[in-house]
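So the structure is just underneath, and the comments pick up after that.
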Amino acid sequence: MKNCSSNKIKVIAIVGPTASGKTAFSIDLAQQLGGEIISADSRLVYKGFNIGTAKPSKHEMNGIPHYMIDIVEPEFDYSAALYVDYAKKIINDIHNRGKVPIIVGGTGLYIDVLLRGYNLPRIEADKVLRTQLGQKDTNELTEILVNLDKSASEVIDSNDRKKIIRAIELITLSGKSLDQIRSISGSDYDVEWLGKNFPRDVLYERIEKRVDLMIEEGLLKETKHLLSVHGKIPNLINTIGYKEMISYLDGECTFEEAVNLLKRNTRRYAKRQLTWFRRNEAIKWDVYPETLEK
């Protein structure tokens, strides 16, 4: 890890698209540097979201402490603000014990609010506007967002109505782009940014294999269990992996079609993740543990 005269706490951030090997890489790095891992994934916070989120098992963690995983029930609407408040406390605790905090994940907003000083919008909800937008179908909402802020549309899931509506609301009420609203005030930490990725064809092949493994491990059974316990709550039906299985269970498609749709949606999600992270010029892509400064 790099040396720096700054009094800021030193942390390592490992970012990249889904299926890029962040988990295995971070555990290897933590073992070499005496680190502990803080997840930065908006879905790993939910209990029971295991196979569908590729949540690391205790065996995969290999004795390395992991934080911000399995902390709330799926009904809870977790937010970036809550994440940052909790993660900052964990970073301080890890640092005070002489360990290296390692932030690992693919949720760009969580990572940037925590480590780059992204300012979260302080704009109250407009119930009238939300009602109007809620009456439109998803394609219409996406078109509105593209016309208002094309850059924002490239990093927001085109099927996530909640996020699209909130983005339109923020842009409309402020008269600014989403990037302008989320201005950067500067990091509280001395961050070493590491990015994991593969050539597109290799990454897509890894995604295909990951989805096939999820199916083998029982993604459909897990989805049925989550539905029986929680019902069709927003956090379940809007999560890649579960929403495709739910479409199959609802008779909207065949099982094969659901699996292919899951693969397609995961590829698209990976593309959005890369679009987000590539805006951060400080990220050093594919740096391996043995080449890091200690």
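Residue names in the structure tokens use chain letters A, B, ... in the order shown, residue numbers from 1 in each chain, and ligand numbers from 1 in the order shown.
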
With DSSP run on the backbone, what are the alpha helix (DSSP H) residues within stretch 105-251 of chain A? I'd like them as JSON, numbers by chain. {"A": [108, 109, 110, 111, 112, 113, 114, 115, 127, 128, 129, 130, 131, 132, 133, 134, 138, 139, 140, 141, 142, 143, 144, 145, 146, 147, 148, 150, 151, 152, 153, 161, 162, 163, 164, 165, 166, 167, 168, 169, 170, 171, 172, 173, 174, 178, 179, 180, 181, 200, 201, 202, 203, 204, 205, 206, 207, 208, 209, 210, 211, 212, 213, 214, 215, 216, 217, 219, 220, 221, 222, 223, 224, 225, 226, 227, 228, 229, 230, 234, 235, 236, 237, 242, 243, 244, 245, 246, 247, 248, 249]}

With a cut-off of 6 Å, could you pull out the residues of stretch 136-206 of chain A touching stretch 7-13 of chain A and give me the nearest pair of atoms for each, distance in Å to one decimal, using only C-alpha atoms, ordered by chain and ascending number, as JSON lines?
```
{"residue": "A:Tyr189", "atom": "CA", "partner": "A:Lys8", "partner_atom": "CA", "distance": 5.0}
{"residue": "A:Asp190", "atom": "CA", "partner": "A:Lys10", "partner_atom": "CA", "distance": 4.6}
{"residue": "A:Val191", "atom": "CA", "partner": "A:Val11", "partner_atom": "CA", "distance": 5.1}
{"residue": "A:Glu192", "atom": "CA", "partner": "A:Ile12", "partner_atom": "CA", "distance": 4.8}
{"residue": "A:Trp193", "atom": "CA", "partner": "A:Ala13", "partner_atom": "CA", "distance": 5.0}
{"residue": "A:Leu194", "atom": "CA", "partner": "A:Ala13", "partner_atom": "CA", "distance": 5.9}
```

Please extract the residues of stretch 96-175 of chain A with a backbone DSSP assignment of strand (DSSP E) and present them as a ChimeraX atom specification. /A:100-105

Based on the selection just made, write N, CA and C atoms of those residues as a PDB file, in the first residue's frame.
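After the write, result-v9.pdb holds the following:
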```pdb
ATOM      1  N   VAL A 100      -5.883  -3.056   7.846  1.00  0.00           N
ATOM      2  CA  VAL A 100      -6.112  -2.246   6.641  1.00  0.00           C
ATOM      3  C   VAL A 100      -7.571  -2.369   6.203  1.00  0.00           C
ATOM      4  N   PRO A 101      -8.323  -1.262   6.161  1.00  0.00           N
ATOM      5  CA  PRO A 101      -9.692  -1.321   5.656  1.00  0.00           C
ATOM      6  C   PRO A 101      -9.683  -1.486   4.132  1.00  0.00           C
ATOM      7  N   ILE A 102     -10.398  -2.499   3.642  1.00  0.00           N
ATOM      8  CA  ILE A 102     -10.492  -2.758   2.206  1.00  0.00           C
ATOM      9  C   ILE A 102     -11.972  -2.704   1.813  1.00  0.00           C
ATOM     10  N   ILE A 103     -12.315  -1.728   0.981  1.00  0.00           N
ATOM     11  CA  ILE A 103     -13.698  -1.569   0.531  1.00  0.00           C
ATOM     12  C   ILE A 103     -13.842  -2.313  -0.795  1.00  0.00           C
ATOM     13  N   VAL A 104     -14.825  -3.216  -0.879  1.00  0.00           N
ATOM     14  CA  VAL A 104     -14.958  -4.072  -2.065  1.00  0.00           C
ATOM     15  C   VAL A 104     -16.405  -4.067  -2.552  1.00  0.00           C
ATOM     16  N   GLY A 105     -16.594  -3.747  -3.835  1.00  0.00           N
ATOM     17  CA  GLY A 105     -17.957  -3.840  -4.339  1.00  0.00           C
ATOM     18  C   GLY A 105     -18.170  -3.214  -5.696  1.00  0.00           C
TER      19      GLY A 105
END
```

With only C-alpha atoms as the counted atoms, please give the residues lying no more than 12 Å from A:Arg278, apart from itself and same-chain residues fewer than 5 positions off, as a list in words. Val15, Gly16, Pro17, Gly108, Val155, Trp193, Leu194, Gly195, Lys196, Asn197, Lys271, Arg272, Gln273, Ile283, Lys284 and Trp285 of chain A

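Proximity to A:Phe198 was assessed for A:Ala270, A:Tyr67, A:Glu73, A:Ala81 counting only C-alpha atoms; the smallest distance is recorded for A:Ala270.
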
Between A:Glu143, A:Glu169, A:Glu154, A:Asp212, which one has atoms that come closest to A:Arg130, using only C-alpha atoms? A:Glu169

What lies within 10 Å of A:Gly106 using only C-alpha atoms, ignoring chain neighbours under 4 positions off, as a list in words? Ile14, Val15, Gly16, Pro17, Thr18, Ala19, Ser20, Lys22, Ser39, Ala40, Asp41, Ser42, Tyr110, Ile111, Tyr269, Ala270, Gln273, Leu274, Trp276 and Phe277 of chain A

If you count only C-alpha atoms, the residue of A:Gly52, A:Asp137, A:Asp126, A:Asp179 closest to A:Ala152 turns out to be A:Asp179

Would you pick out the contacts of A:Ala125 at 10 Å or less, using only C-alpha atoms, so that residues sharing its chain but fewer than 2 positions from it are not included, and give the list as a PyMOL selection string? chain A and resi 122-123+127-130+166+169-170+173

A:Ala30: which residues within 9 Å, counting only C-alpha atoms, same-chain residues fewer than 4 positions away excluded, as a ChimeraX atom specification? /A:25-26,34-37,64,100-102

Can I get the selected residues back with C-alpha atoms, as a PDB file, in the first residue's frame?
```pdb
ATOM      1  CA  PHE A  25      -8.849 -10.815  -5.221  1.00  0.00           C
ATOM      2  CA  SER A  26      -9.832  -8.868  -2.101  1.00  0.00           C
ATOM      3  CA  GLY A  34      -3.508  -7.770   7.173  1.00  0.00           C
ATOM      4  CA  GLY A  35      -6.763  -6.331   5.947  1.00  0.00           C
ATOM      5  CA  GLU A  36     -10.458  -6.615   6.731  1.00  0.00           C
ATOM      6  CA  ILE A  37     -13.180  -6.254   4.118  1.00  0.00           C
ATOM      7  CA  ILE A  64     -11.100 -12.711   6.702  1.00  0.00           C
ATOM      8  CA  VAL A 100      -6.112  -2.246   6.641  1.00  0.00           C
ATOM      9  CA  PRO A 101      -9.692  -1.321   5.656  1.00  0.00           C
ATOM     10  CA  ILE A 102     -10.492  -2.758   2.206  1.00  0.00           C
TER      11      ILE A 102
END
```

In terms of the shortest atom-to-atom distance over only C-alpha atoms, which of A:Thr254, A:Asn92, A:Pro74, A:Ile69 is closest to A:Gly231? A:Pro74

Here is a test: counting only C-alpha atoms, which residue of A:Ile237, A:Val202, A:Asn139, A:Glu208 is nearest to A:Asp250? A:Ile237

With distances taken over only C-alpha atoms, which residue among A:Ser153, A:Asn50, A:Thr275, A:Gln31 lies nearest A:Gly63? A:Gln31
